[in-house]
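**Student:** The file below is input-v7.pdb, PDB, C-alpha atoms and all ligand atoms:
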ATOM      1  CA  MET A 198       0.000   0.000   0.000
ATOM      2  CA  SER A 199       1.499   3.346  -1.042
ATOM      3  CA  ARG A 200       1.938   5.930   1.662
ATOM      4  CA  LEU A 201       0.933   9.551   1.148
ATOM      5  CA  ALA A 202       1.967  12.646   3.071
ATOM      6  CA  VAL A 203      -0.588  15.393   2.408
ATOM      7  CA  LEU A 204       0.465  18.983   3.106
ATOM      8  CA  ILE A 205      -2.282  21.553   3.621
ATOM      9  CA  SER A 206      -2.754  25.118   4.846
ATOM     10  CA  GLY A 207      -6.514  25.609   4.937
ATOM     11  CA  ASN A 208      -9.952  24.135   4.466
ATOM     12  CA  GLY A 209      -8.669  20.799   3.218
ATOM     13  CA  SER A 210     -11.513  19.995   0.840
ATOM     14  CA  ASN A 211      -8.978  18.344  -1.465
ATOM     15  CA  LEU A 212      -7.601  16.376   1.450
ATOM     16  CA  GLN A 213     -11.197  15.294   2.099
ATOM     17  CA  ALA A 214     -11.477  14.087  -1.494
ATOM     18  CA  ILE A 215      -8.386  11.926  -0.927
ATOM     19  CA  ILE A 216      -9.697  10.650   2.427
ATOM     20  CA  ASP A 217     -13.030   9.737   0.818
ATOM     21  CA  ALA A 218     -11.379   8.036  -2.172
ATOM     22  CA  VAL A 219      -9.158   5.954   0.124
ATOM     23  CA  ALA A 220     -12.123   5.011   2.337
ATOM     24  CA  ALA A 221     -14.194   4.008  -0.695
ATOM     25  CA  GLY A 222     -11.400   1.853  -2.090
ATOM     26  CA  ARG A 223     -10.999   4.144  -5.098
ATOM     27  CA  LEU A 224      -7.387   4.964  -4.255
ATOM     28  CA  PRO A 225      -5.017   2.167  -3.254
ATOM     29  CA  ALA A 226      -3.115   4.250  -0.732
ATOM     30  CA  GLN A 227      -2.847   5.144   2.899
ATOM     31  CA  ILE A 228      -2.517   8.686   4.224
ATOM     32  CA  ALA A 229       0.460   8.390   6.546
ATOM     33  CA  VAL A 230       0.319  11.979   7.779
ATOM     34  CA  VAL A 231      -1.398  15.309   7.207
ATOM     35  CA  VAL A 232       0.864  18.310   7.757
ATOM     36  CA  SER A 233      -0.295  21.891   8.190
ATOM     37  CA  ASN A 234       1.730  25.064   8.572
ATOM     38  CA  ARG A 235      -1.380  26.784   9.981
ATOM     39  CA  ARG A 236      -2.917  25.781  13.281
ATOM     40  CA  GLU A 237      -6.439  26.892  12.314
ATOM     41  CA  ALA A 238      -6.478  24.843   9.090
ATOM     42  CA  PHE A 239      -9.767  22.943   9.052
ATOM     43  CA  GLY A 240      -8.010  20.151   7.186
ATOM     44  CA  LEU A 241      -6.386  19.170  10.492
ATOM     45  CA  VAL A 242      -9.862  18.515  11.913
ATOM     46  CA  ARG A 243     -10.769  16.466   8.837
ATOM     47  CA  ALA A 244      -7.634  14.360   9.320
ATOM     48  CA  GLU A 245      -8.256  13.844  13.027
ATOM     49  CA  ARG A 246     -11.839  12.782  12.338
ATOM     50  CA  ALA A 247     -10.514  10.206   9.883
ATOM     51  CA  GLY A 248      -7.972   8.928  12.415
ATOM     52  CA  ILE A 249      -4.989  10.140  10.398
ATOM     53  CA  PRO A 250      -1.825  11.322  12.206
ATOM     54  CA  THR A 251      -1.379  15.089  11.995
ATOM     55  CA  LEU A 252       1.587  17.386  12.288
ATOM     56  CA  TYR A 253       1.292  21.127  12.831
ATOM     57  CA  PHE A 254       4.595  22.626  11.771
ATOM     58  CA  PRO A 255       4.638  26.436  11.438
ATOM     59  CA  PHE A 256       7.294  28.578   9.802
ATOM     60  CA  LYS A 257       6.747  31.483  12.223
ATOM     61  CA  PRO A 258       9.177  30.351  14.963
ATOM     62  CA  TYR A 259      11.900  30.116  12.335
ATOM     63  CA  ARG A 260      11.077  33.551  10.934
ATOM     64  CA  ASP A 261      10.925  35.054  14.438
ATOM     65  CA  ALA A 262      14.347  33.590  15.185
ATOM     66  CA  GLY A 263      15.732  35.077  11.969
ATOM     67  CA  ARG A 264      16.278  31.627  10.508
ATOM     68  CA  PRO A 265      15.988  31.113   6.728
ATOM     69  CA  ARG A 266      13.261  29.231   4.901
ATOM     70  CA  GLU A 267      15.797  26.547   4.060
ATOM     71  CA  ALA A 268      16.183  25.680   7.764
ATOM     72  CA  TYR A 269      12.419  25.253   8.073
ATOM     73  CA  ASP A 270      12.222  23.277   4.845
ATOM     74  CA  ALA A 271      15.037  20.938   5.917
ATOM     75  CA  ASP A 272      13.391  20.268   9.292
ATOM     76  CA  LEU A 273      10.008  19.832   7.625
ATOM     77  CA  ALA A 274      11.526  17.316   5.215
ATOM     78  CA  GLU A 275      13.077  15.455   8.133
ATOM     79  CA  ARG A 276       9.753  15.277   9.993
ATOM     80  CA  VAL A 277       7.844  14.195   6.882
ATOM     81  CA  SER A 278      10.511  11.579   6.082
ATOM     82  CA  GLY A 279       9.739   9.956   9.415
ATOM     83  CA  TYR A 280       6.377   8.894   7.965
ATOM     84  CA  ALA A 281       8.123   7.221   5.011
ATOM     85  CA  PRO A 282       5.859   8.598   2.282
ATOM     86  CA  ASP A 283       6.027   7.276  -1.266
ATOM     87  CA  LEU A 284       4.389  10.478  -2.470
ATOM     88  CA  VAL A 285       4.093  13.974  -0.990
ATOM     89  CA  VAL A 286       0.916  15.761  -2.075
ATOM     90  CA  LEU A 287       0.667  19.547  -1.775
ATOM     91  CA  ALA A 288      -3.098  20.052  -1.512
ATOM     92  CA  GLY A 289      -3.561  23.728  -0.814
ATOM     93  CA  TRP A 290      -0.125  24.070   0.823
ATOM     94  CA  MET A 291       0.574  27.803   0.808
ATOM     95  CA  HIS A 292       4.284  27.868   1.583
ATOM     96  CA  ILE A 293       6.859  27.904  -1.188
ATOM     97  CA  LEU A 294       9.177  24.946  -0.747
ATOM     98  CA  SER A 295      12.839  25.485  -1.492
ATOM     99  CA  PRO A 296      15.051  22.946  -3.286
ATOM    100  CA  VAL A 297      16.159  21.712   0.153
ATOM    101  CA  PHE A 298      12.765  20.075   0.611
ATOM    102  CA  LEU A 299      12.265  19.026  -2.990
ATOM    103  CA  ALA A 300      15.675  17.337  -3.170
ATOM    104  CA  ARG A 301      14.753  15.157  -0.218
ATOM    105  CA  PHE A 302      11.715  13.807  -2.091
ATOM    106  CA  ARG A 303      13.066  14.087  -5.604
ATOM    107  CA  GLY A 304      10.365  13.445  -8.202
ATOM    108  CA  ARG A 305       7.845  12.512  -5.526
ATOM    109  CA  VAL A 306       6.163  15.853  -4.750
ATOM    110  CA  LEU A 307       2.847  16.563  -6.492
ATOM    111  CA  ASN A 308       1.234  20.001  -6.385
ATOM    112  CA  LEU A 309      -2.339  21.018  -7.077
ATOM    113  CA  HIS A 310      -2.890  24.395  -8.713
ATOM    114  CA  PRO A 311      -6.330  25.955  -9.338
ATOM    115  CA  ALA A 312      -5.531  27.237 -12.831
ATOM    116  CA  LEU A 313      -4.231  25.970 -16.153
ATOM    117  CA  PRO A 314      -0.471  25.505 -16.727
ATOM    118  CA  GLY A 315       1.364  28.814 -16.763
ATOM    119  CA  GLN A 316      -1.623  30.784 -15.491
ATOM    120  CA  PHE A 317      -2.105  32.684 -12.231
ATOM    121  CA  PRO A 318       0.706  31.118 -10.168
ATOM    122  CA  GLY A 319       0.758  31.889  -6.445
ATOM    123  CA  ILE A 320      -2.172  33.051  -4.355
ATOM    124  CA  HIS A 321      -5.762  34.078  -5.218
ATOM    125  CA  SER A 322      -5.544  32.213  -8.527
ATOM    126  CA  ILE A 323      -9.282  31.667  -8.876
ATOM    127  CA  ARG A 324     -10.080  35.299  -8.154
ATOM    128  CA  ARG A 325      -7.445  36.454 -10.630
ATOM    129  CA  ALA A 326      -8.901  34.130 -13.282
ATOM    130  CA  TYR A 327     -12.387  35.473 -12.547
ATOM    131  CA  GLU A 328     -11.179  39.049 -12.911
ATOM    132  CA  ALA A 329      -9.274  38.229 -16.104
ATOM    133  CA  TYR A 330     -12.502  36.754 -17.518
ATOM    134  CA  GLN A 331     -14.397  39.957 -16.634
ATOM    135  CA  ARG A 332     -11.774  41.913 -18.562
ATOM    136  CA  GLY A 333     -12.215  39.591 -21.542
ATOM    137  CA  GLU A 334      -8.660  38.253 -21.278
ATOM    138  CA  ILE A 335      -9.581  34.560 -20.871
ATOM    139  CA  ALA A 336     -12.612  32.510 -21.937
ATOM    140  CA  GLN A 337     -12.178  29.714 -19.377
ATOM    141  CA  THR A 338      -9.907  28.578 -16.603
ATOM    142  CA  GLY A 339      -8.922  25.179 -15.240
ATOM    143  CA  VAL A 340      -6.947  23.175 -12.736
ATOM    144  CA  MET A 341      -3.771  21.172 -12.906
ATOM    145  CA  VAL A 342      -1.724  18.655 -10.963
ATOM    146  CA  HIS A 343       2.000  18.791 -11.628
ATOM    147  CA  TRP A 344       5.355  17.712 -10.264
ATOM    148  CA  ALA A 345       6.654  20.379  -7.914
ATOM    149  CA  VAL A 346       9.787  22.315  -8.859
ATOM    150  CA  PRO A 347      11.355  25.336  -7.146
ATOM    151  CA  GLU A 348       9.385  27.673  -9.411
ATOM    152  CA  VAL A 349       5.902  28.333  -7.962
ATOM    153  CA  ASP A 350       3.040  26.355  -9.544
ATOM    154  CA  ALA A 351       5.216  25.196 -12.419
ATOM    155  CA  GLY A 352       6.646  21.795 -13.368
ATOM    156  CA  ALA A 353       5.723  18.846 -15.567
ATOM    157  CA  VAL A 354       1.958  18.463 -15.779
ATOM    158  CA  VAL A 355       0.475  15.144 -14.649
ATOM    159  CA  ALA A 356      -3.173  16.034 -15.270
ATOM    160  CA  GLN A 357      -5.161  19.088 -16.205
ATOM    161  CA  ALA A 358      -8.805  19.937 -16.790
ATOM    162  CA  GLU A 359     -10.581  22.963 -18.169
ATOM    163  CA  VAL A 360     -13.241  24.712 -16.100
ATOM    164  CA  PRO A 361     -15.790  26.882 -17.921
ATOM    165  CA  ILE A 362     -16.684  30.377 -16.748
ATOM    166  CA  PHE A 363     -20.198  31.654 -17.466
ATOM    167  CA  PRO A 364     -21.231  35.294 -17.817
ATOM    168  CA  ASP A 365     -23.566  35.141 -14.799
ATOM    169  CA  ASP A 366     -21.005  33.483 -12.522
ATOM    170  CA  THR A 367     -20.247  35.037  -9.170
ATOM    171  CA  LEU A 368     -16.763  34.445  -7.819
ATOM    172  CA  ALA A 369     -18.285  31.909  -5.403
ATOM    173  CA  ASP A 370     -19.843  30.027  -8.346
ATOM    174  CA  LEU A 371     -16.493  29.793 -10.069
ATOM    175  CA  GLU A 372     -14.698  28.768  -6.873
ATOM    176  CA  ALA A 373     -17.197  25.958  -6.314
ATOM    177  CA  ARG A 374     -16.786  24.725  -9.904
ATOM    178  CA  VAL A 375     -12.990  24.843  -9.700
ATOM    179  CA  HIS A 376     -12.944  22.953  -6.389
ATOM    180  CA  GLN A 377     -15.324  20.301  -7.688
ATOM    181  CA  THR A 378     -13.025  19.748 -10.658
ATOM    182  CA  GLU A 379      -9.883  19.594  -8.532
ATOM    183  CA  HIS A 380     -11.359  17.049  -6.144
ATOM    184  CA  ARG A 381     -11.783  14.654  -9.046
ATOM    185  CA  LEU A 382      -8.559  15.547 -10.868
ATOM    186  CA  LEU A 383      -6.331  15.276  -7.797
ATOM    187  CA  VAL A 384      -7.554  11.784  -6.928
ATOM    188  CA  ASP A 385      -7.211  10.678 -10.559
ATOM    189  CA  ALA A 386      -3.688  12.120 -10.757
ATOM    190  CA  ILE A 387      -2.536  10.423  -7.536
ATOM    191  CA  ARG A 388      -3.979   7.121  -8.752
ATOM    192  CA  SER A 389      -2.219   7.352 -12.108
ATOM    193  CA  VAL A 390       1.090   8.338 -10.506
ATOM    194  CA  LEU A 391       0.889   5.455  -8.001
ATOM    195  CA  ARG A 392       0.110   3.053 -10.805
ATOM    196  CA  GLY A 393       3.313   4.120 -12.515
ATOM    197  CA  THR A 394       5.504   3.653  -9.428
TER
HETATM  198  C1  LIG B   1      -7.125  24.673  -3.785
HETATM  199  O1  LIG B   1      -7.941  25.385  -4.678
HETATM  200  C2  LIG B   1      -5.730  24.515  -4.334
HETATM  201  O2  LIG B   1      -5.707  24.320  -5.716
HETATM  202  C3  LIG B   1      -5.123  25.835  -3.956
HETATM  203  O3  LIG B   1      -5.563  26.037  -2.638
HETATM  204  C4  LIG B   1      -6.886  25.507  -2.520
HETATM  205  C5  LIG B   1      -6.988  24.665  -1.267
HETATM  206  O4  LIG B   1      -8.327  24.271  -1.047
HETATM  207  N1  LIG B   1      -3.687  25.823  -4.085
HETATM  208  C6  LIG B   1      -3.000  26.869  -4.552
HETATM  209  O5  LIG B   1      -3.511  27.941  -4.793
HETATM  210  C7  LIG B   1      -1.526  26.643  -4.758
HETATM  211  N2  LIG B   1      -0.975  27.717  -5.516
HETATM  212  P1  LIG B   1      -8.645  23.146   0.039
HETATM  213  O6  LIG B   1      -7.872  23.533   1.302
HETATM  214  O7  LIG B   1     -10.129  23.206   0.245
HETATM  215  O8  LIG B   1      -8.186  21.821  -0.513
END
When written as structure tokens, how does the structure in this file appear?
**Tutor:**
Amino acid sequence: MSRLAVLISGNGSNLQAIIDAVAAGRLPAQIAVVVSNRREAFGLVRAERAGIPTLYFPFKPYRDAGRPREAYDADLAERVSGYAPDLVVLAGWMHILSPVFLARFRGRVLNLHPALPGQFPGIHSIRRAYEAYQRGEIAQTGVMVHWAVPEVDAGAVVAQAEVPIFPDDTLADLEARVHQTEHRLLVDAIRSVLRGT
């Protein structure tokens, strides 16, 4: 059984999609640990409810001590390594990981991004896509799952899906449609990657 480490920073609806897929036998994997860099992340509650080990590991103490991101990333990698994951899944993980972390799990870190390849990297991607649509700059948006590289929300694409935007959409409508699509795409991408390992 493949072991997953899922890194989150917030609501954890994508984590929930993984939890549900595992529970339903749709994903031949085990979630070894859920890591959050934010204490208030609801995803931690989801993990606890599912009986999954959790790790809250914030960057703030490092920043307050004047220590670099690389020190945090190295310690994070060490802690995550202890759970012996076959795959590390960044599912709404809002901390840019330096090569120190990525080197430790070379070719085994998947990232979910709520936009199409090359579009709206970083934060507020869905809102930026919505605003770009209002300005007539894009006709649709999408989501992608890709191998993580030091560059934010870039790297070889494992799976992608288009998400339509309709003229009457509110931002909340678009967010809901994007999330629905990512819940399916992320599980499919993890399954296809695990099949290939
Ligand atoms: C998701 O939309 C994910 O694609 C995005 O954060 C959200 C987390 O939602 N990630 C990024 O923006 C990475 N650049 P969730 O906590 O409900 O899974």
**Student:** What do you get as number ranges by chain if you pick all residues at most 9 Å from ligand LIG 1 (chain B), counting only C-alpha atoms and all ligand atoms?
**Tutor:** A: 205-214, 238-240, 287-293, 308-312, 317-323, 340-342, 349-350, 372, 375-376, 379-380
**Student:** Could you write those residues out with C-alpha atoms, as an mmCIF file, in the frame of the given file?
**Tutor:**
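In the end it all went to selection.cif:
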data_model
loop_
_atom_site.group_PDB
_atom_site.id
_atom_site.type_symbol
_atom_site.label_atom_id
_atom_site.label_comp_id
_atom_site.auth_asym_id
_atom_site.auth_seq_id
_atom_site.Cartn_x
_atom_site.Cartn_y
_atom_site.Cartn_z
ATOM 1 C CA ILE A 205 -2.282 21.553 3.621
ATOM 2 C CA SER A 206 -2.754 25.118 4.846
ATOM 3 C CA GLY A 207 -6.514 25.609 4.937
ATOM 4 C CA ASN A 208 -9.952 24.135 4.466
ATOM 5 C CA GLY A 209 -8.669 20.799 3.218
ATOM 6 C CA SER A 210 -11.513 19.995 0.840
ATOM 7 C CA ASN A 211 -8.978 18.344 -1.465
ATOM 8 C CA LEU A 212 -7.601 16.376 1.450
ATOM 9 C CA GLN A 213 -11.197 15.294 2.099
ATOM 10 C CA ALA A 214 -11.477 14.087 -1.494
ATOM 11 C CA ALA A 238 -6.478 24.843 9.090
ATOM 12 C CA PHE A 239 -9.767 22.943 9.052
ATOM 13 C CA GLY A 240 -8.010 20.151 7.186
ATOM 14 C CA LEU A 287 0.667 19.547 -1.775
ATOM 15 C CA ALA A 288 -3.098 20.052 -1.512
ATOM 16 C CA GLY A 289 -3.561 23.728 -0.814
ATOM 17 C CA TRP A 290 -0.125 24.070 0.823
ATOM 18 C CA MET A 291 0.574 27.803 0.808
ATOM 19 C CA HIS A 292 4.284 27.868 1.583
ATOM 20 C CA ILE A 293 6.859 27.904 -1.188
ATOM 21 C CA ASN A 308 1.234 20.001 -6.385
ATOM 22 C CA LEU A 309 -2.339 21.018 -7.077
ATOM 23 C CA HIS A 310 -2.890 24.395 -8.713
ATOM 24 C CA PRO A 311 -6.330 25.955 -9.338
ATOM 25 C CA ALA A 312 -5.531 27.237 -12.831
ATOM 26 C CA PHE A 317 -2.105 32.684 -12.231
ATOM 27 C CA PRO A 318 0.706 31.118 -10.168
ATOM 28 C CA GLY A 319 0.758 31.889 -6.445
ATOM 29 C CA ILE A 320 -2.172 33.051 -4.355
ATOM 30 C CA HIS A 321 -5.762 34.078 -5.218
ATOM 31 C CA SER A 322 -5.544 32.213 -8.527
ATOM 32 C CA ILE A 323 -9.282 31.667 -8.876
ATOM 33 C CA VAL A 340 -6.947 23.175 -12.736
ATOM 34 C CA MET A 341 -3.771 21.172 -12.906
ATOM 35 C CA VAL A 342 -1.724 18.655 -10.963
ATOM 36 C CA VAL A 349 5.902 28.333 -7.962
ATOM 37 C CA ASP A 350 3.040 26.355 -9.544
ATOM 38 C CA GLU A 372 -14.698 28.768 -6.873
ATOM 39 C CA VAL A 375 -12.990 24.843 -9.700
ATOM 40 C CA HIS A 376 -12.944 22.953 -6.389
ATOM 41 C CA GLU A 379 -9.883 19.594 -8.532
ATOM 42 C CA HIS A 380 -11.359 17.049 -6.144
#
**Student:** Ala244 in chain A: which residues within 10 Å, counting all atoms listed in the file, same-chain residues fewer than 3 positions away excluded, as an NGL selection string?
**Tutor:** :A and (203 or 209 or 212-213 or 216 or 228 or 230-232 or 239-241 or 247-251)
**Student:** Kindly indicate which residue among A:Ser389, A:Glu328, A:Arg276, A:Leu204 lies nearest to Asp366 in chain A, using only C-alpha atoms for the distances.
**Tutor:**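 Checking each of A:Ser389, A:Glu328, A:Arg276, A:Leu204 against Asp366 in chain A, counting only C-alpha atoms, the winner is A:Glu328.
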**Student:** Got a sec to resolve the PyMOL selection byres (((chain A and resi 337) around 6) and not hetatm) on this structure and send the residues as a PDB file with C-alpha atoms, keeping the file's coordinate frame?
**Tutor:**
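In the end it all went to result_6.pdb:
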ATOM      1  CA  ILE A 335      -9.581  34.560 -20.871  1.00  0.00           C
ATOM      2  CA  ALA A 336     -12.612  32.510 -21.937  1.00  0.00           C
ATOM      3  CA  THR A 338      -9.907  28.578 -16.603  1.00  0.00           C
ATOM      4  CA  PRO A 361     -15.790  26.882 -17.921  1.00  0.00           C
ATOM      5  CA  ILE A 362     -16.684  30.377 -16.748  1.00  0.00           C
TER       6      ILE A 362
END
**Student:** Could the centre and edge lengths of an axis-aligned box, enclosing all atoms of range 211-216 of chain A in the file with 5 Å extra on each side, be given in Å to one decimal as JSON?
**Tutor:**
{"center_x": -9.5, "center_y": 14.5, "center_z": 0.5, "size_x": 13.9, "size_y": 17.7, "size_z": 13.9}
**Student:** Could you check which of A:Pro255, A:Pro282, A:Pro364, A:Gly304 is closest to His343 in chain A, using all atoms listed in the file?
**Tutor:**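 Of A:Pro255, A:Pro282, A:Pro364, A:Gly304, the one nearest His343 in chain A, counting all atoms listed in the file, is A:Gly304.
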**Student:** Excluding Pro225 in chain A and residues on its chain fewer than 6 positions from it, collect all residues at most 10 Å away from it, counting only C-alpha atoms, and give them as number ranges by chain.
**Tutor:** A: 198-200, 218-219, 387-388, 391-392
**Student:** Name the closest residue to Ala345 in chain A among the candidates A:Val306, A:Leu201, A:Ala281, A:Val390; distances are taken between atoms, counting all atoms listed in the file.
**Tutor:**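 Of the candidates, the smallest distance to Ala345 in chain A is held by A:Val306.
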**Student:** I need the residue nearest Gly393 in chain A from this list: A:Val355, A:Asn234, A:Arg260, A:Phe302. Use all atoms listed in the file for the distance.
**Tutor:**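 Ranking A:Val355, A:Asn234, A:Arg260, A:Phe302 by distance to Gly393 in chain A, first place goes to A:Val355.
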**Student:** What's around Ala271 in chain A at 10 Å? Count only C-alpha atoms, leave out sequence neighbours fewer than 5 positions away in its own chain, and write the answer as JSON, numbers by chain.
**Tutor:** {"A": [266, 276, 277, 294, 295, 296, 297, 298, 299, 300, 301]}
**Student:** I'd like to know which of A:Ile215, A:Asp261, A:Arg381, A:Leu368 is closest to Arg243 in chain A, using all atoms listed in the file.
**Tutor:**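 Looking only at the distances to Arg243 in chain A, the closest residue turns out to be A:Ile215.
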**Student:** For Ala229 in chain A, which residue among A:Thr378, A:Gln357, A:Ser278, A:Gln331 is the nearest when counting all atoms listed in the file?
**Tutor:**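 Of A:Thr378, A:Gln357, A:Ser278, A:Gln331, the one nearest Ala229 in chain A is A:Ser278, counting all atoms listed in the file.
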